[in-house]
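Visitor: Okay, handing you the structure first.
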Amino acid sequence: MYMSFLEESLNVSKVARHKSTTFDESRRQTTTESVVSEEWVKLAVEWHTIEEYKPQDATTNPSLILAATKMPAYQHLLDQAIKYGIAKGGTEEEQVTSTMDKLFVSFGLEILKKIPGRVSTEVDARLSYDKDEMVARALRIIALYEEAGIDKDRVLIKLSSTWEGIQAGRELEEKHGVHCNMTLLFSFAQAVACAEAKVTLISPFVGRIMDWYKENTAQKSYEPHEDPGVLSVTKIYNYYKKYDYATVVMGASFRNIGEVKALAGCDLLTISPGLLGELKQDHSTVTPLLTVQKAKSCDLEKIHLDEKDFRWQHNEDRMAVEKLSDGIRKFAADAIKLETMIKEKMLNVKNGQ
């Protein structure tokens, strides 16, 4: 069961501006040795490997929570969340919603005990086209963290990168000081809209983009420099740096270490434990291909997207439309499975079983 626990002290972005370096050498650099402002390369690890990898930040999603709740070690979190939901009262649907919120936060609290940084907690994907409901749900999640003594600065709210999700992110950041992590991001239009909304962080996908091209075109393999996912994140990074957007770019969903190394220099990268193991055994030099200096000299023109422009430009990218919809459906399906489990257990509790 994978929880996306992020970051070992692999800081290619900070050290690579000064020189090429091996992956393992990069890991040993301290954060104070570089003047580069980009942060950490991040890591997805299994729950039980937190102690080994000592991650800085972490993220979860409905699929991961669903898998975790089936494990005996985490039954107490589910039981506590159900008791909380019942105590909150209301209709069965309202009790289940309260339980879901509490459960996600409970996992976040457990993670925060083990990491010094932030945890990302996701808003129900079924709300992806309802801005107001996403904002309300996010604020309830933040309130639960604050009730547990966790400052909102240690939490990132994950939202789908629909137009409504991006505008929810804008409102949360501007009006409530809540930091947002925009996920399921596949198109340049999504990235531009997120930058204009001044959200804290975006998670553009790399491997899932390549997967789509392999499935829908004649080309079945790609070198890192021509990988569609790598090219997408590179374009986004260059655009953000050229025009001084503060939003952090965190590349995610990698299929091989070639993709990872091709994005060395990116603000953040989420790397699976399997690929991290491969990187640790890789003694080739890591040269930064993404730098602020290169970005400043790129020929990308600045654009502005209102809602109609966003919807049109995103719609013109068939891959992005299909992958965004697919991602929302999959997260929603797992949320429904989790709700079904909660309803069954809730009924047992009410019946004294």
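As shown in the structure tokens, the chain order sets the letters A, B, ...; within each chain, residues go from 1, and ligands are also counted from 1 in the order they appear.
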I need the residues of stretch 215-282 of chain A that end up classed as strand (DSSP E or B) by DSSP on the backbone, written out as a list in words.
Guide: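 Selecting the strand (DSSP E or B) positions of stretch 215-282 of chain A gives Val248, Val249, Met250, Gly251, Ala252, Leu268, Leu269, Thr270 and Ile271 of chain A.
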Visitor: Output as a VMD selection string all residues of stretch 119-226 of chain A that backbone DSSP marks as alpha helix (DSSP H).
Guide: chain A and resid 131 to 147 163 to 176 188 to 197 207 to 216
Visitor: Find, counting only C-alpha atoms, the residue in A:Glu223, A:Asp299, A:Asp57, A:Asp244 that gets nearest to A:Arg154.
Guide: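 For A:Arg154, the nearest of the candidates is A:Asp57.
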Visitor: What is the atom CA of A:Phe188-atom CA of A:Ile236 distance in Å, reported with one decimal?
Guide: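 Spanning atom CA of A:Phe188 to atom CA of A:Ile236 is a straight-line distance of 6.7 Å.
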Visitor: So that I can check the surroundings of A:Glu147, please list as an mmCIF file with C-alpha atoms, in the first residue's frame every protein, DNA and RNA residue that reaches within 12 Å of it, counting only C-alpha atoms and ignoring chain neighbours fewer than 4 positions away.
Guide:
```
data_model
loop_
_atom_site.group_PDB
_atom_site.id
_atom_site.type_symbol
_atom_site.label_atom_id
_atom_site.label_comp_id
_atom_site.auth_asym_id
_atom_site.auth_seq_id
_atom_site.Cartn_x
_atom_site.Cartn_y
_atom_site.Cartn_z
ATOM 1 C CA LYS A 102 -12.456 12.946 10.017
ATOM 2 C CA VAL A 105 -7.649 14.193 8.698
ATOM 3 C CA SER A 106 -6.863 11.333 11.100
ATOM 4 C CA LEU A 109 -2.423 13.676 11.732
ATOM 5 C CA ARG A 140 -14.088 21.867 7.301
ATOM 6 C CA ILE A 141 -10.923 19.835 6.788
ATOM 7 C CA ILE A 142 -8.746 22.741 7.909
ATOM 8 C CA ALA A 143 -10.980 23.233 10.971
ATOM 9 C CA ASP A 151 -1.698 25.058 12.048
ATOM 10 C CA LYS A 152 -3.183 25.427 8.565
#
```
Visitor: Any idea what's packed within 7 Å of stretch 71-88 of chain A, counting only C-alpha atoms, ignoring anything in its chain fewer than 2 positions away? Could you give it as a PyMOL selection string?
Guide: chain A and resi 68-69+90+95-96+98-99+102-103+106+346
